[in-house]
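Note sheet for the following structure.
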Amino acid sequence: MKFRFLLIAAILVPMFTQAQVKLNTAQFNRKGEASVTSQKELIEITWPAGEGRFGRVQFDMSPSGALFRRIALGTRASPVTISEELDAAFLLTVGKRDLLSQNGWNIFFDKVPQRPFQTFPVVLKKNSISVKSIGSRTVVTVGTLAADRFSGALEVTFYNGSPLFNVAAVISTNAEATAIVYDAGLISRTEKWKTLSWANTNDQLESAAVQYNDPAKNLSVKYRTIAAQAVQGSLAIFPPPHQYFYPLDEAFNLKFIWQGKNHRNMLDGYGIGIRQELEGDRRFVPWFNAPPKTKQRLNFFCLLSDAGNAEAIGSVKKFTNADRYVSLPGFKTMSSHFHNEFIMNVVLAGKPVPEKPEFVEVFKRLGVDMVHLGEFHYTAHPKGPDSLRLKELKALFEQCKRLSDNEFLLMPGEEPNEFFGGHWMNIFPKPVYWIMSRGKEVPFVENRPGFGKVYHIGNKNDMLKLLQEEQGLAWTAHARTKGSVNTPDIYNHEAFYKSDRFMGAAWKAMPADLSEPRLGNRVLDLLDDMNNWGEKKTVIAEADLFTVTHENEMYAHMNVNYLMLDQLPKYDEGWLPVVNAMQQGRFFSTTGEVLMHELKANGKLSGETITLNADGTADVSLKLSWTFPMNFVEIISGDGEKVYRERIDLTKTHAFGTQQFQFSPQLKGRKWMRIEAWDSAVNGAFSQTFHLEAGSGK
């Protein structure tokens with residue numbers, strides 16, 4: 001029997017008598033650009049918000065007052081009230097993680113909502129307040145928070161140079177095997193909001209008058225944003241664009257925005273905010289990891305506008321480049337691992353074949369230049385009979401050719417999951433006919449009329465030979481999770497793994513953990529391990545998604561690789577430059593907000609071998625751009641056994657920056673080095689590996 005529990009309650013700021021709360025500013029830089037003032041129970045933060053404007057937020061520390069007494073934006077002398085009398089609201093849903101059946105915290109094949117869970121309001125007690133400076137940011141920590149077995153404090157972070165701030169319930173637990181999701185937002189204690197706005201899934205702006213007595217409802221929106229407008233300005237609410245979306249097989253738009261009164265019958269009052277669908281895509285639904293003693297950041301962003309909702313939403317869109325991967329000179333974007341099944345579900349199913357399939361248009365709008373498919377995922381006949389397998393491959397090749405043009409390349413690909421062990425992906429630099437079975441007396445390769453070369457593959461040795469003859473690549477899909485729980489670890493001694501035809505693995509932000517300042521540690525750690533194993537391997541970003549539609553929340557679940565290519569290969573000429581760039585490490589991967597325009601070490605590119613300087617250092621040059629303020633760059637290196645990390649703090653950065661960095665890391669005794677860069681919303685980019693050798697000079 002399946003049990004579900006919901007604690008029906010209002011989010012509360014407890015009513016109690018207390019002495020005036022003392023403001024702690026011991027770590028606040030009074031010589032910085034932000035300022036703090038206090039008068040009785042009111043604490044006011046003023047920070048430069050860009051374009052000559054200043055943001056102001058007034059915290060009310062009285063027991064009965066709304067936390068945000070006033071939120072304003074304007075000149076220092078004439079601030080304009082944007083919103084007032086608001087409370088931060090959080091609902092924490094706590095379930096149980098399966099740590100036994102597969103691979104511990106790396107599990108994806110988990111169905112948390114099918115086991116008992118409870119939802120709790122996160123209750124704030126306003127018994128303390130401190131203000132500290134971290135780089136160009138001002139962090140206000142308020143009181144104590146409690147929700148069942150979790151406790152912590154509220155953190156509000158203001159970013160100099162932008163009308164942006166982040167609201168976070170930072171909480172932890174000692175409980176074992178815990179999985180969580182959260183809803184969050186702002187509750188209005190007055191009726192000053194007049195109009196709500198959002199972009200619908202057709203990318204059209206919609207608006208509605210605020211009805212303070214209307215029950216809460218959930219909205220399907222684009223850009224994950226809702227804005228509320230008062231008389232003189234607007235406030236937009238949105239989640240971290242990737243961190244908030246734990247991994248799923250489907251990128252369905254699950255109505256991640258809510259507005260109205262008594263959200264989930266647990267929040268007392270009218271509000272707006274972000275939400276999670278507890279059942280996810282109703283496949284495997286792992287939620288977020290919450291290991292004991294980790295500080296989970298249940299957070300959302302607010303952006304202020306003194307113009308209106310349309311401007312506020314337009315400003316939010318800039319943080320994700322309007323959910324598009326921007327063009328960079330010298331690079332082409334490539335995304336991989338899509339089980340769209342266009343061939344089996346449409347082309348060979350007797351359905352009308354659209355001239356412009358929706359999935360292709362989705363990728364083009366995202367700014368993806370090249371897409372590597374994962375067709376025939378348990379839907380076709382990979383082992384034959386030959387007549388069916390060749391028919392399926394021919395249809396795939398014909399459609400990829402038809403749908404490719406001078407600005408878009410659709411590359412055939414599969415997730416074969418045969419011969420090597422675990423799950424893996426492959427790519428050839430041109431169409432290749434091959435069948436995943438080989439009977440007695442069947443030749444490895446033969447010529448078939450109408451097809452040319454046709455390969456029969458019967459084991460891992462045949463598969464490696466095919467990759468070598470056709471210049472293909474293979475790599476571990478979703479390494480160390482899903483169907484690859486023990487791979488590539490269990491075959492890292494095999495000839496196929498050691499071959500240069502086995503590229504390495506693929507990265508996705510999986511599992512999800514709100515306490516981490518990076519996404520996808522699972523595969524980033526694997527990249528370090530592979531480097532220490534001594535083989536020259538690379539890791540591409542993969543999406544691993546099924547249906548691809550305009551309605552979907554694609555961007556949140558996507559990632560992309562920027563390959564060092566000056567031109568997009570033409571389908572008829574093959575795409576060997578793509579395969580070579582992947583194999584040789586001439587690319588970086590990103591969620592989209594952080595870009596590595598240029599990265600060199602001692603004048604060489606990632607994937608190459610560099611000779612260290614005489615003193616054991618390397619001269620690293622990195623040109624980086626970003627949208628959200630940056631958090632850090634990290635230089636990761638290894639000596640064949642240990643992994644070393646050097647973190648360069650970037651908390652002094654503002655939003656929307658570009659900067660050339662010069663680093664001279666000490667790498668004596670190291671065999672490899674790579675670079676990561678992460679921002680304040682936990683978006684990031686990572687390079688491929690530089691291989692190191694000692695030398696007497698540059």
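Following the order of the structure tokens, chains are lettered A, B, ..., residues in each are numbered from 1, and ligands are numbered from 1.
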
- Query: Lys465 (chain A): which residues within 10 Å, counting only C-alpha atoms, same-chain residues fewer than 5 positions away excluded, as a ChimeraX atom specification?
  - Reply: /A:444,457,460,470-472,496,501

Quick one: residues within 7 Å of Phe546 (chain A), only C-alpha atoms counted, chain neighbours fewer than 3 positions away excluded, as a PyMOL selection string?
chain A and resi 249-250+338-340

* To do: Would you kindly return, as a PyMOL selection string, each protein, DNA or RNA residue with an atom no farther than 6 Å from any atom of Ala146 (chain A), considering only C-alpha atoms and excluding same-chain residues fewer than 4 positions away?
  => chain A and resi 122-123+150-151

Apply DSSP to the structure's backbone, then extract all residues of region 302-389 of chain A labelled alpha helix (DSSP H) and return them as a list in words.
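Going through region 302-389 of chain A, the alpha helix (DSSP H) residues come out as Asn309, Ala310, Glu311, Ala312, Ile313, Gly314, Ser315, Val316, Lys317, Lys318, Phe342, Ile343, Met344, Asn345, Glu358, Phe359, Val360, Glu361, Val362, Phe363, Lys364, Arg365, Leu366, Asp386, Ser387, Leu388 and Arg389 of chain A.
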
For the interface of region 235-293 of chain A with region 297-320 of chain A (cut-off 8 Å, counting only C-alpha atoms), please tabulate each contacting residue of region 235-293 of chain A alongside its nearest pair of atoms and their separation in Å to one decimal, rows sorted by chain and increasing number, as a tab-separated table.
residue	atom	partner	partner_atom	distance
A:Leu235	CA	A:Leu304	CA	4.8
A:Ala236	CA	A:Leu303	CA	5.1
A:Ile237	CA	A:Cys302	CA	4.7
A:Phe238	CA	A:Phe301	CA	5.4
A:Pro239	CA	A:Phe300	CA	4.6
A:Pro240	CA	A:Phe300	CA	6.5
A:Pro241	CA	A:Thr320	CA	7.7
A:Ile274	CA	A:Phe300	CA	7.8

Store the residues picked out above in a file with all heavy atoms, as a PDB file, in the first residue's frame.
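Written output follows (again-v1.pdb):
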ATOM      1  N   LEU A 235       8.345  42.998  -9.641  1.00  0.00           N
ATOM      2  CA  LEU A 235       9.255  42.043  -9.026  1.00  0.00           C
ATOM      3  C   LEU A 235       9.050  40.702  -9.725  1.00  0.00           C
ATOM      4  O   LEU A 235       7.931  40.194  -9.791  1.00  0.00           O
ATOM      5  CB  LEU A 235       8.976  41.932  -7.527  1.00  0.00           C
ATOM      6  CG  LEU A 235       9.827  40.991  -6.681  1.00  0.00           C
ATOM      7  CD1 LEU A 235       9.889  41.500  -5.240  1.00  0.00           C
ATOM      8  CD2 LEU A 235       9.276  39.569  -6.684  1.00  0.00           C
ATOM      9  N   ALA A 236      10.128  40.139 -10.279  1.00  0.00           N
ATOM     10  CA  ALA A 236      10.065  38.840 -10.943  1.00  0.00           C
ATOM     11  C   ALA A 236      10.706  37.784 -10.059  1.00  0.00           C
ATOM     12  O   ALA A 236      11.716  38.038  -9.397  1.00  0.00           O
ATOM     13  CB  ALA A 236      10.770  38.886 -12.290  1.00  0.00           C
ATOM     14  N   ILE A 237      10.126  36.598 -10.061  1.00  0.00           N
ATOM     15  CA  ILE A 237      10.632  35.458  -9.294  1.00  0.00           C
ATOM     16  C   ILE A 237      10.961  34.336 -10.263  1.00  0.00           C
ATOM     17  O   ILE A 237      10.174  34.032 -11.162  1.00  0.00           O
ATOM     18  CB  ILE A 237       9.596  34.989  -8.259  1.00  0.00           C
ATOM     19  CG1 ILE A 237       9.504  35.984  -7.097  1.00  0.00           C
ATOM     20  CG2 ILE A 237       9.930  33.600  -7.722  1.00  0.00           C
ATOM     21  CD1 ILE A 237       8.499  35.571  -6.039  1.00  0.00           C
ATOM     22  N   PHE A 238      12.123  33.708 -10.062  1.00  0.00           N
ATOM     23  CA  PHE A 238      12.515  32.586 -10.920  1.00  0.00           C
ATOM     24  C   PHE A 238      13.541  31.726 -10.179  1.00  0.00           C
ATOM     25  O   PHE A 238      14.247  32.201  -9.296  1.00  0.00           O
ATOM     26  CB  PHE A 238      13.090  33.080 -12.250  1.00  0.00           C
ATOM     27  CG  PHE A 238      14.300  33.976 -12.132  1.00  0.00           C
ATOM     28  CD1 PHE A 238      15.577  33.483 -12.352  1.00  0.00           C
ATOM     29  CD2 PHE A 238      14.158  35.319 -11.814  1.00  0.00           C
ATOM     30  CE1 PHE A 238      16.688  34.306 -12.257  1.00  0.00           C
ATOM     31  CE2 PHE A 238      15.264  36.159 -11.712  1.00  0.00           C
ATOM     32  CZ  PHE A 238      16.529  35.646 -11.936  1.00  0.00           C
ATOM     33  N   PRO A 239      13.642  30.441 -10.537  1.00  0.00           N
ATOM     34  CA  PRO A 239      14.588  29.553  -9.863  1.00  0.00           C
ATOM     35  C   PRO A 239      15.945  29.586 -10.545  1.00  0.00           C
ATOM     36  O   PRO A 239      16.079  30.107 -11.668  1.00  0.00           O
ATOM     37  CB  PRO A 239      13.937  28.179 -10.058  1.00  0.00           C
ATOM     38  CG  PRO A 239      13.297  28.292 -11.402  1.00  0.00           C
ATOM     39  CD  PRO A 239      12.794  29.722 -11.499  1.00  0.00           C
ATOM     40  N   PRO A 240      16.977  29.005  -9.927  1.00  0.00           N
ATOM     41  CA  PRO A 240      18.214  28.760 -10.679  1.00  0.00           C
ATOM     42  C   PRO A 240      17.865  27.941 -11.920  1.00  0.00           C
ATOM     43  O   PRO A 240      17.165  26.931 -11.813  1.00  0.00           O
ATOM     44  CB  PRO A 240      19.076  27.966  -9.697  1.00  0.00           C
ATOM     45  CG  PRO A 240      18.512  28.253  -8.344  1.00  0.00           C
ATOM     46  CD  PRO A 240      17.048  28.486  -8.546  1.00  0.00           C
ATOM     47  N   PRO A 241      18.308  28.361 -13.102  1.00  0.00           N
ATOM     48  CA  PRO A 241      17.758  27.783 -14.333  1.00  0.00           C
ATOM     49  C   PRO A 241      18.047  26.306 -14.561  1.00  0.00           C
ATOM     50  O   PRO A 241      17.299  25.638 -15.269  1.00  0.00           O
ATOM     51  CB  PRO A 241      18.391  28.636 -15.440  1.00  0.00           C
ATOM     52  CG  PRO A 241      19.580  29.266 -14.812  1.00  0.00           C
ATOM     53  CD  PRO A 241      19.242  29.451 -13.374  1.00  0.00           C
ATOM     54  N   ILE A 274       7.784  29.409  -7.189  1.00  0.00           N
ATOM     55  CA  ILE A 274       8.222  28.264  -7.969  1.00  0.00           C
ATOM     56  C   ILE A 274       7.781  26.988  -7.262  1.00  0.00           C
ATOM     57  O   ILE A 274       7.568  26.972  -6.049  1.00  0.00           O
ATOM     58  CB  ILE A 274       9.747  28.273  -8.167  1.00  0.00           C
ATOM     59  CG1 ILE A 274      10.479  28.164  -6.822  1.00  0.00           C
ATOM     60  CG2 ILE A 274      10.174  29.538  -8.907  1.00  0.00           C
ATOM     61  CD1 ILE A 274      11.988  28.047  -6.936  1.00  0.00           C
TER      62      ILE A 274
END
